[in-house]
file work34.tsv (TSV, C-alpha atoms and all ligand atoms)
chain	number	residue	atom	x	y	z
A	1367	MET	CA	18.79	93.87	77.88
A	1368	GLY	CA	18.57	94.61	74.14
A	1369	GLU	CA	15.61	93.90	71.93
A	1370	ALA	CA	15.47	90.34	70.63
A	1371	LEU	CA	16.62	89.73	67.05
A	1372	LYS	CA	13.87	88.69	64.68
A	1373	ALA	CA	14.11	86.99	61.31
A	1374	PHE	CA	13.20	88.93	58.16
A	1375	TYR	CA	12.87	87.69	54.62
A	1376	VAL	CA	14.38	90.10	52.10
A	1377	THR	CA	13.94	89.50	48.38
A	1378	ASP	CA	14.19	91.30	45.05
A	1379	GLU	CA	10.96	89.45	44.07
A	1380	ASP	CA	12.94	87.78	41.31
A	1381	GLU	CA	15.51	85.19	42.23
A	1382	LYS	CA	17.62	86.67	45.00
A	1383	ALA	CA	16.57	86.34	48.61
A	1384	THR	CA	18.07	86.14	52.06
A	1385	VAL	CA	17.07	85.91	55.70
A	1386	VAL	CA	18.54	88.52	58.02
A	1387	PHE	CA	18.20	89.04	61.73
A	1388	ALA	CA	17.46	92.48	63.09
A	1389	THR	CA	15.32	94.23	65.67
A	1390	GLN	CA	13.40	96.28	63.09
A	1391	ASN	CA	12.15	95.90	59.55
A	1392	ARG	CA	14.03	98.91	58.13
A	1393	ILE	CA	17.37	97.67	59.49
A	1394	ALA	CA	16.69	94.21	58.12
A	1395	ARG	CA	15.72	95.67	54.76
A	1396	ARG	CA	18.95	97.64	54.48
A	1397	GLU	CA	21.15	94.73	55.56
A	1398	GLY	CA	19.29	92.28	53.36
A	1399	ALA	CA	19.49	94.58	50.32
A	1400	ASN	CA	23.25	94.88	50.85
A	1401	GLU	CA	23.60	91.16	51.20
A	1402	ILE	CA	21.88	90.37	47.90
A	1403	ASP	CA	23.52	93.38	46.22
A	1404	CYS	CA	20.37	95.39	45.58
A	1405	GLU	CA	19.20	98.93	46.29
A	1406	TRP	CA	16.86	99.64	49.18
A	1407	GLY	CA	14.03	100.41	46.78
A	1408	GLU	CA	14.45	97.16	44.85
A	1409	VAL	CA	13.69	94.79	47.70
A	1410	SER	CA	10.75	93.85	49.84
A	1411	CYS	CA	11.16	92.84	53.45
A	1412	CYS	CA	8.78	90.92	55.67
A	1413	ARG	CA	8.92	88.93	58.86
A	1414	ALA	CA	9.94	85.28	58.66
A	1415	LYS	CA	8.88	83.94	62.06
A	1416	GLU	CA	9.67	80.39	61.04
A	1417	PHE	CA	13.39	81.26	61.25
A	1418	ASP	CA	13.37	83.21	64.53
A	1419	SER	CA	14.88	80.29	66.41
A	1420	TYR	CA	18.06	80.55	64.27
A	1421	ALA	CA	18.95	84.06	65.55
A	1422	PRO	CA	21.50	85.58	65.16
A	1423	GLY	CA	21.86	83.52	61.96
A	1424	PRO	CA	22.76	82.34	59.48
A	1425	VAL	CA	19.84	80.01	58.88
A	1426	PRO	CA	21.13	76.57	57.84
A	1427	LYS	CA	20.61	75.94	54.14
A	1428	LEU	CA	18.83	72.69	54.92
A	1429	ALA	CA	16.30	74.62	57.01
A	1430	LEU	CA	15.74	77.00	54.08
A	1431	LEU	CA	15.17	74.03	51.78
A	1432	ASP	CA	12.72	72.54	54.27
A	1433	ASN	CA	10.81	75.81	54.13
A	1434	GLY	CA	10.31	75.78	50.40
A	1435	TRP	CA	13.46	77.53	49.19
A	1436	TRP	CA	15.48	76.26	46.29
A	1437	MET	CA	19.29	76.14	46.08
A	1438	THR	CA	21.89	75.38	43.46
A	1439	CYS	CA	24.01	72.29	44.20
A	1440	HIS	CA	27.70	73.23	44.62
A	1441	GLY	CA	28.70	70.05	42.83
A	1442	CYS	CA	26.48	69.39	39.82
A	1443	GLU	CA	24.97	72.90	39.77
A	1444	ARG	CA	21.49	71.50	39.43
A	1445	ARG	CA	18.59	73.00	41.31
A	1446	ILE	CA	17.59	71.39	44.61
A	1447	GLU	CA	13.97	71.94	45.51
A	1448	GLY	CA	11.33	70.04	47.43
A	1449	GLY	CA	13.62	67.05	47.99
A	1450	TYR	CA	14.38	66.61	44.29
A	1451	VAL	CA	17.02	67.82	41.88
A	1452	HIS	CA	15.96	69.59	38.71
A	1453	ASP	CA	18.07	69.94	35.58
A	1454	ASP	CA	18.53	73.01	33.38
A	1455	HIS	CA	15.21	72.39	31.67
A	1456	GLY	CA	13.37	72.18	34.99
A	1457	ASP	CA	12.89	68.42	34.63
A	1458	ARG	CA	12.77	66.67	37.98
A	1459	ASP	CA	14.97	63.70	38.81
A	1460	GLU	CA	12.77	60.69	39.47
A	1461	HIS	CA	14.40	59.80	42.80
A	1462	GLU	CA	14.06	61.85	45.93
A	1463	THR	CA	17.37	63.15	47.22
A	1464	ALA	CA	18.85	63.94	50.63
A	1465	PRO	CA	20.86	67.17	50.37
A	1466	VAL	CA	23.93	67.61	52.58
A	1467	GLU	CA	25.21	70.87	54.04
A	1468	ILE	CA	28.88	71.18	54.90
A	1469	GLY	CA	30.45	74.49	55.90
A	1470	GLN	CA	29.05	77.15	53.59
A	1471	GLY	CA	28.12	74.63	50.92
A	1472	ILE	CA	25.08	72.62	49.96
A	1473	TRP	CA	25.14	69.53	47.74
A	1474	CYS	CA	22.20	67.64	46.31
A	1475	SER	CA	23.43	64.35	47.83
A	1476	GLN	CA	26.33	62.79	49.71
A	1477	ASP	CA	27.45	61.10	46.48
A	1478	CYS	CA	27.46	64.43	44.63
A	1479	HIS	CA	29.47	66.01	47.46
A	1480	ASP	CA	32.03	63.18	47.47
A	1481	ALA	CA	32.40	63.33	43.68
A	1482	ASP	CA	32.81	67.12	43.89
A	1483	VAL	CA	35.54	66.87	46.54
A	1484	LYS	CA	37.36	64.26	44.45
A	1485	ASP	CA	37.03	66.39	41.33
A	1486	ARG	CA	38.41	69.49	43.09
A	1487	MET	CA	41.33	67.49	44.45
A	1488	GLU	CA	42.14	66.03	41.04
A	1489	ARG	CA	41.86	69.48	39.51
A	1490	ARG	CA	44.31	70.90	42.06
A	1491	VAL	CA	46.76	68.08	41.42
A	1492	ALA	CA	46.45	68.65	37.65
A	1493	GLU	CA	47.09	72.37	38.13
A	1494	GLN	CA	50.12	71.70	40.29
A	1495	TRP	CA	51.41	69.33	37.63
A	1496	CYS	CA	51.03	72.03	35.01
A	1497	THR	CA	52.99	74.63	36.97
A	1498	ALA	CA	55.66	72.04	37.84
A	1499	ILE	CA	56.02	71.16	34.16
A	1500	ALA	CA	56.23	74.86	33.27
A	1501	ALA	CA	58.92	75.37	35.91
A	1502	ALA	CA	60.95	72.39	34.69
A	1503	ASP	CA	60.63	73.56	31.10
A	1504	LEU	CA	61.73	77.10	31.97
A	1505	MET	CA	64.67	75.97	34.12
A	1506	ALA	CA	65.86	73.56	31.44
A	1507	ARG	CA	65.87	76.44	28.98
A	1508	TYR	CA	67.15	79.25	31.22
A	1509	PRO	CA	68.78	77.85	34.37
A	1510	GLU	CA	69.79	81.35	35.55
A	1511	VAL	CA	66.26	82.60	36.11
A	1512	THR	CA	64.47	82.59	39.46
A	1513	ILE	CA	60.88	81.43	39.59
A	1514	ARG	CA	58.63	83.54	41.77
A	1515	THR	CA	56.74	81.49	44.31
A	1516	ARG	CA	55.13	84.05	46.61
A	1517	PRO	CA	51.92	82.38	47.73
A	1518	ASP	CA	50.05	85.70	48.01
A	1519	SER	CA	50.30	86.53	44.34
A	1520	PHE	CA	49.47	85.20	40.93
A	1521	CYS	CA	52.99	83.83	40.35
A	1522	LEU	CA	52.08	80.24	39.62
A	1523	HIS	CA	48.85	79.91	37.76
A	1524	ALA	CA	47.23	77.07	35.86
A	1525	TYR	CA	43.76	76.63	34.52
A	1526	VAL	CA	42.70	73.14	33.53
A	1527	GLN	CA	39.52	71.75	32.07
A	1528	ARG	CA	38.20	68.24	32.17
A	1529	VAL	CA	38.14	66.61	28.76
A	1530	GLY	CA	36.60	63.18	29.05
A	1531	GLY	CA	38.29	61.49	32.00
A	1532	LEU	CA	41.41	63.66	31.90
A	1533	TYR	CA	42.36	67.24	32.53
A	1534	ALA	CA	43.75	69.41	29.74
A	1535	ALA	CA	45.78	72.56	30.37
A	1536	LYS	CA	43.95	75.61	29.10
A	1537	GLN	CA	46.38	78.19	30.41
A	1538	VAL	CA	49.61	77.96	32.40
A	1539	ARG	CA	51.62	80.96	33.54
A	1540	ILE	CA	54.54	81.19	35.88
A	1541	GLN	CA	56.41	84.36	36.70
A	1542	PHE	CA	60.16	84.61	36.90
A	1543	ASP	CA	63.00	87.06	37.38
A	1544	PHE	CA	66.07	87.09	35.20
A	1545	PRO	CA	69.45	88.78	35.67
A	1546	GLY	CA	69.26	92.35	34.42
A	1547	GLY	CA	65.46	92.39	34.26
A	1548	LYS	CA	63.44	94.94	36.20
A	1549	TYR	CA	59.90	93.59	35.92
A	1550	GLY	CA	60.52	89.92	35.32
A	1551	GLY	CA	58.79	87.73	32.79
A	1552	CYS	CA	56.08	85.17	32.43
A	1553	TRP	CA	56.55	81.67	31.03
A	1554	CYS	CA	53.22	80.90	29.39
A	1555	LEU	CA	51.28	78.25	27.61
A	1556	GLU	CA	47.99	79.40	26.15
A	1557	GLU	CA	45.23	77.19	24.81
A	1558	GLY	CA	46.11	75.70	21.43
A	1559	GLU	CA	49.85	76.35	21.80
A	1560	ALA	CA	52.21	73.39	21.74
A	1561	GLU	CA	55.12	75.07	23.52
A	1562	PHE	CA	55.76	77.49	26.32
A	1563	SER	CA	56.92	80.95	25.40
A	1564	ALA	CA	58.09	83.99	27.31
A	1565	SER	CA	56.01	87.09	27.81
A	1566	ILE	CA	58.25	90.01	28.67
A	1567	ALA	CA	57.24	93.55	29.64
A	1568	PHE	CA	58.29	95.95	26.91
A	1569	GLY	CA	60.49	97.85	29.35
A	1570	ASP	CA	62.46	94.67	29.98
A	1571	LEU	CA	62.83	93.46	26.39
A	1572	GLU	CA	66.30	94.85	25.89
A	1573	ALA	CA	67.51	93.28	29.14
A	1574	TRP	CA	65.88	90.01	28.05
A	1575	TYR	CA	67.81	89.95	24.77
A	1576	ILE	CA	71.06	90.81	26.53
A	1577	PHE	CA	70.39	88.10	29.09
A	1578	ARG	CA	70.03	85.70	26.19
A	1579	GLY	CA	73.43	86.61	24.81
A	1580	LYS	CA	72.75	89.47	22.40
A	1581	THR	CA	75.08	92.45	22.33
A	1582	PRO	CA	73.54	95.74	23.56
A	1583	GLU	CA	73.42	96.95	19.93
A	1584	GLU	CA	71.63	93.84	18.71
A	1585	ALA	CA	69.27	94.01	21.64
A	1586	ALA	CA	68.40	97.64	20.91
A	1587	ARG	CA	67.76	96.79	17.26
A	1588	LEU	CA	65.50	93.85	18.17
A	1589	VAL	CA	63.53	96.01	20.58
A	1590	GLU	CA	63.11	98.58	17.83
A	1591	GLU	CA	61.76	95.83	15.56
A	1592	HIS	CA	59.22	94.90	18.22
A	1593	ARG	CA	58.24	98.50	18.65
A	1594	ARG	CA	57.30	99.04	15.02
A	1595	PRO	CA	54.49	96.51	14.55
A	1596	LYS	CA	53.38	97.13	18.14
A	1597	ALA	CA	52.75	100.80	17.37
A	1598	ARG	CA	49.67	99.83	15.40
A	1599	VAL	CA	48.13	98.10	18.39
A	1600	ALA	CA	46.90	100.15	21.29
A	1601	ALA	CA	47.75	97.64	23.97
A	1602	PRO	CA	46.94	98.81	27.51
A	1603	THR	CA	49.84	96.89	29.00
A	1604	PRO	CA	52.64	96.66	26.50
A	1605	SER	CA	54.27	93.28	26.46
A	1606	SER	CA	55.85	91.09	23.91
A	1607	ARG	CA	54.85	87.49	23.50
A	1608	GLY	CA	56.73	84.71	21.86
A	1609	VAL	CA	60.20	86.15	22.00
A	1610	ALA	CA	61.69	83.07	23.65
B	1	ZN	ZN	24.61	67.80	42.93

call {"tool": "encode", "arguments": {"input": "work34.tsv", "output": "structure tokens", "more": "lines below"}}
Ligand SMILES: [Zn+2]
result
Amino acid sequence: MGEALKAFYVTDEDEKATVVFATQNRIARREGANEIDCEWGEVSCCRAKEFDSYAPGPVPKLALLDNGWWMTCHGCERRIEGGYVHDDHGDRDEHETAPVEIGQGIWCSQDCHDADVKDRMERRVAEQWCTAIAAADLMARYPEVTIRTRPDSFCLHAYVQRVGGLYAAKQVRIQFDFPGGKYGGCWCLEEGEAEFSASIAFGDLEAWYIFRGKTPEEAARLVEEHRRPKARVAAPTPSSRGVA
């Protein structure tokens, strides 16, 4: 039978700490250092007998809180410590709170958790709305394009931010393919812009103009025009925005 796993407390003596289970201190120290993204020499490691019963881990966050740890609430991002929440200035809320642990997360209270879940859901709906609007806008403009929808990639992207009670689109990008194009394009709305515009890889610009009805000669001339001002800018990924 193997040696029993024991709990060790590994910390950078600053703000990062973890509890790891191992048979020996040096193993725990290495694992713990990895876990909190520190070098071996930057951490201290000592036994934490109070957590032995949780082997092989992880120790529930509520148990850590009960043992004097502090955590950041996943919802309101305030600090939970000693049964109270503390704001950015370290001021303690006057009412005691009952933190809840669900999956990998910890929230300062059930109400905070519920509000967080609702907020995430609303955010997702708002993001889906944004990409749906982008898709409708693009298809109305260029019905021949194909919108990329692979779930494993960054094809449909929206970033929204809560402004008062509503969500505002900060950035919306959807990728599409068009006849004749090699790399495809991106239909984008950036913060502060009122309309979507296309972002096309430089290598596809000529095809993009031809797709939009230009003759090959006109397309070549337009690409040349784009090339000239671009030459002054050392862009790592050449693309042309606002050519819709
Ligand atoms: Zn909270």

call {"tool": "residues_around", "arguments": {"input": "work34.tsv", "residues": "A:Leu1555", "least_positions_apart": "2", "cutoff": "10 Å", "atoms": "only C-alpha atoms", "output": "PDB file with C-alpha atoms, keeping the file's coordinate frame"}}
result
ATOM      1  CA  CYS A1496      51.030  72.030  35.010  1.00  0.00           C
ATOM      2  CA  ALA A1500      56.230  74.860  33.270  1.00  0.00           C
ATOM      3  CA  ALA A1524      47.230  77.070  35.860  1.00  0.00           C
ATOM      4  CA  ALA A1535      45.780  72.560  30.370  1.00  0.00           C
ATOM      5  CA  LYS A1536      43.950  75.610  29.100  1.00  0.00           C
ATOM      6  CA  GLN A1537      46.380  78.190  30.410  1.00  0.00           C
ATOM      7  CA  VAL A1538      49.610  77.960  32.400  1.00  0.00           C
ATOM      8  CA  ARG A1539      51.620  80.960  33.540  1.00  0.00           C
ATOM      9  CA  ILE A1540      54.540  81.190  35.880  1.00  0.00           C
ATOM     10  CA  CYS A1552      56.080  85.170  32.430  1.00  0.00           C
ATOM     11  CA  TRP A1553      56.550  81.670  31.030  1.00  0.00           C
ATOM     12  CA  GLU A1557      45.230  77.190  24.810  1.00  0.00           C
ATOM     13  CA  GLY A1558      46.110  75.700  21.430  1.00  0.00           C
ATOM     14  CA  GLU A1559      49.850  76.350  21.800  1.00  0.00           C
ATOM     15  CA  ALA A1560      52.210  73.390  21.740  1.00  0.00           C
ATOM     16  CA  GLU A1561      55.120  75.070  23.520  1.00  0.00           C
ATOM     17  CA  PHE A1562      55.760  77.490  26.320  1.00  0.00           C
ATOM     18  CA  SER A1563      56.920  80.950  25.400  1.00  0.00           C
ATOM     19  CA  ALA A1564      58.090  83.990  27.310  1.00  0.00           C
TER      20      ALA A1564
END

call {"tool": "residues_near_ligand", "arguments": {"input": "work34.tsv", "ligand": "ligand ZN 1 (chain B)", "cutoff": "12 Å", "atoms": "all atoms listed in the file", "output": "PyMOL selection string"}}
result
chain A and resi 1437-1447+1450-1453+1459+1463-1467+1471-1483

call {"tool": "closest_residue", "arguments": {"input": "work34.tsv", "among": "A:Leu1431, A:Leu1371, A:Ala1586, A:Ile1402", "to": "A:Phe1387", "atoms": "all atoms listed in the file"}}
result
A:Leu1371

call {"tool": "residues_around", "arguments": {"input": "work34.tsv", "residues": "A:Arg1516", "least_positions_apart": "4", "cutoff": "12 Å", "atoms": "only C-alpha atoms", "output": "compact mmCIF listing (two decimals) with C-alpha atoms, in the frame of the given file"}}
result
# COMPACT_ATOMS: atom_id res chain seq x y z
CA THR A 1512 64.47 82.59 39.46
CA PHE A 1520 49.47 85.20 40.93
CA CYS A 1521 52.99 83.83 40.35
CA LEU A 1522 52.08 80.24 39.62
CA HIS A 1523 48.85 79.91 37.76
CA ILE A 1540 54.54 81.19 35.88
CA GLN A 1541 56.41 84.36 36.70
CA PHE A 1542 60.16 84.61 36.90

call {"tool": "closest_residue", "arguments": {"input": "work34.tsv", "among": "A:Ala1373, A:Arg1489, A:Arg1578, A:Tyr1549", "to": "A:Ile1566", "atoms": "only C-alpha atoms"}}
result
A:Tyr1549

call {"tool": "residues_around", "arguments": {"input": "work34.tsv", "residues": "A:Asp1543", "least_positions_apart": "5", "cutoff": "10 Å", "atoms": "all atoms listed in the file", "output": "list in words"}}
result
Glu1510, Val1511, Thr1512, Ile1513, Arg1514, Lys1548, Tyr1549, Gly1550, Gly1551 and Cys1552 of chain A

call {"tool": "atom_distance", "arguments": {"input": "work34.tsv", "atom1": "atom CA of A:Val1386", "atom2": "atom CA of A:Lys1415"}}
result
11.4 Å

call {"tool": "closest_residue", "arguments": {"input": "work34.tsv", "among": "A:His1461, A:Asn1391, A:Ala1383, A:Leu1532", "to": "A:Trp1436", "atoms": "only C-alpha atoms"}}
result
A:Ala1383

call {"tool": "atom_distance", "arguments": {"input": "work34.tsv", "atom1": "atom CA of A:Glu1397", "atom2": "atom CA of A:Asp1432"}}
result
23.8 Å

call {"tool": "closest_residue", "arguments": {"input": "work34.tsv", "among": "A:Gly1407, A:Gly1448, A:Gly1546, A:Gly1423", "to": "A:Thr1377", "atoms": "only C-alpha atoms"}}
result
A:Gly1407

call {"tool": "atom_distance", "arguments": {"input": "work34.tsv", "atom1": "atom CA of A:Thr1384", "atom2": "atom CA of A:Gly1449"}}
result
20.0 Å

call {"tool": "residues_around", "arguments": {"input": "work34.tsv", "residues": "A:Ala1394", "least_positions_apart": "6", "cutoff": "9 Å", "atoms": "all atoms listed in the file", "output": "VMD selection string"}}
result
chain A and resid 1373 to 1376 1385 to 1388 1411 to 1412

call {"tool": "decode", "arguments": {"input": "work34.tsv", "residues": "stretch 1411-1422 of chain A", "atoms": "all heavy atoms", "output": "compact mmCIF listing (two decimals), in the first residue's frame"}}
result
# COMPACT_ATOMS: atom_id res chain seq x y z
N CYS A 1411 6.65 26.05 1.65
CA CYS A 1411 5.74 24.90 1.70
C CYS A 1411 5.75 24.32 3.10
O CYS A 1411 6.82 24.03 3.66
CB CYS A 1411 6.21 23.86 0.68
SG CYS A 1411 5.27 22.33 0.69
N CYS A 1412 4.57 24.21 3.69
CA CYS A 1412 4.52 23.59 5.02
C CYS A 1412 3.28 22.71 5.13
O CYS A 1412 2.35 22.82 4.32
CB CYS A 1412 4.53 24.67 6.10
SG CYS A 1412 3.14 25.78 6.02
N ARG A 1413 3.27 21.88 6.11
CA ARG A 1413 2.14 20.96 6.30
C ARG A 1413 0.88 21.74 6.66
O ARG A 1413 0.91 22.77 7.34
CB ARG A 1413 2.47 19.97 7.42
CG ARG A 1413 3.40 18.87 6.97
CD ARG A 1413 2.66 17.75 6.22
NE ARG A 1413 1.90 16.90 7.15
CZ ARG A 1413 0.60 16.68 7.05
NH1 ARG A 1413 -0.11 17.25 6.11
NH2 ARG A 1413 0.00 15.87 7.91
N ALA A 1414 -0.26 21.22 6.19
CA ALA A 1414 -1.55 21.83 6.53
C ALA A 1414 -2.47 20.69 6.99
O ALA A 1414 -3.34 20.24 6.24
CB ALA A 1414 -2.11 22.56 5.31
N LYS A 1415 -2.19 20.23 8.21
CA LYS A 1415 -2.91 19.04 8.73
C LYS A 1415 -4.43 19.22 8.72
O LYS A 1415 -5.17 18.24 8.58
CB LYS A 1415 -2.46 18.75 10.16
CG LYS A 1415 -1.05 18.19 10.26
CD LYS A 1415 -0.81 17.63 11.66
CE LYS A 1415 0.56 16.98 11.75
NZ LYS A 1415 1.41 17.53 12.80
N GLU A 1416 -4.85 20.48 8.87
CA GLU A 1416 -6.30 20.71 8.95
C GLU A 1416 -7.03 20.29 7.67
O GLU A 1416 -8.25 20.12 7.68
CB GLU A 1416 -6.58 22.19 9.27
CG GLU A 1416 -6.16 23.21 8.22
CD GLU A 1416 -4.71 23.67 8.34
OE1 GLU A 1416 -3.87 22.88 8.80
OE2 GLU A 1416 -4.42 24.81 7.95
N PHE A 1417 -6.27 20.10 6.57
CA PHE A 1417 -6.92 19.72 5.31
C PHE A 1417 -6.66 18.26 4.91
O PHE A 1417 -7.07 17.84 3.83
CB PHE A 1417 -6.46 20.65 4.18
CG PHE A 1417 -6.80 22.10 4.41
CD1 PHE A 1417 -5.82 23.08 4.36
CD2 PHE A 1417 -8.11 22.49 4.67
CE1 PHE A 1417 -6.13 24.42 4.57
CE2 PHE A 1417 -8.43 23.82 4.89
CZ PHE A 1417 -7.44 24.79 4.85
N ASP A 1418 -5.97 17.51 5.77
CA ASP A 1418 -5.64 16.12 5.43
C ASP A 1418 -6.87 15.29 5.03
O ASP A 1418 -6.80 14.45 4.15
CB ASP A 1418 -4.94 15.42 6.62
CG ASP A 1418 -3.45 15.74 6.65
OD1 ASP A 1418 -2.96 16.36 5.69
OD2 ASP A 1418 -2.80 15.39 7.66
N SER A 1419 -7.97 15.57 5.69
CA SER A 1419 -9.17 14.75 5.45
C SER A 1419 -9.73 14.95 4.04
O SER A 1419 -10.59 14.18 3.60
CB SER A 1419 -10.23 15.06 6.49
OG SER A 1419 -10.59 16.43 6.40
N TYR A 1420 -9.26 15.99 3.32
CA TYR A 1420 -9.78 16.24 1.96
C TYR A 1420 -8.94 15.56 0.87
O TYR A 1420 -9.19 15.77 -0.31
CB TYR A 1420 -9.86 17.74 1.68
CG TYR A 1420 -10.85 18.45 2.56
CD1 TYR A 1420 -10.42 19.26 3.60
CD2 TYR A 1420 -12.22 18.29 2.37
CE1 TYR A 1420 -11.32 19.90 4.44
CE2 TYR A 1420 -13.13 18.93 3.19
CZ TYR A 1420 -12.67 19.73 4.23
OH TYR A 1420 -13.59 20.36 5.03
N ALA A 1421 -7.92 14.75 1.27
CA ALA A 1421 -7.10 14.06 0.28
C ALA A 1421 -7.99 13.21 -0.62
O ALA A 1421 -8.96 12.64 -0.13
CB ALA A 1421 -6.08 13.17 0.99
N PRO A 1422 -7.74 13.09 -1.93
CA PRO A 1422 -6.60 13.69 -2.65
C PRO A 1422 -6.85 15.12 -3.15
O PRO A 1422 -6.14 15.59 -4.01
CB PRO A 1422 -6.47 12.74 -3.84
CG PRO A 1422 -7.87 12.32 -4.13
CD PRO A 1422 -8.56 12.25 -2.79
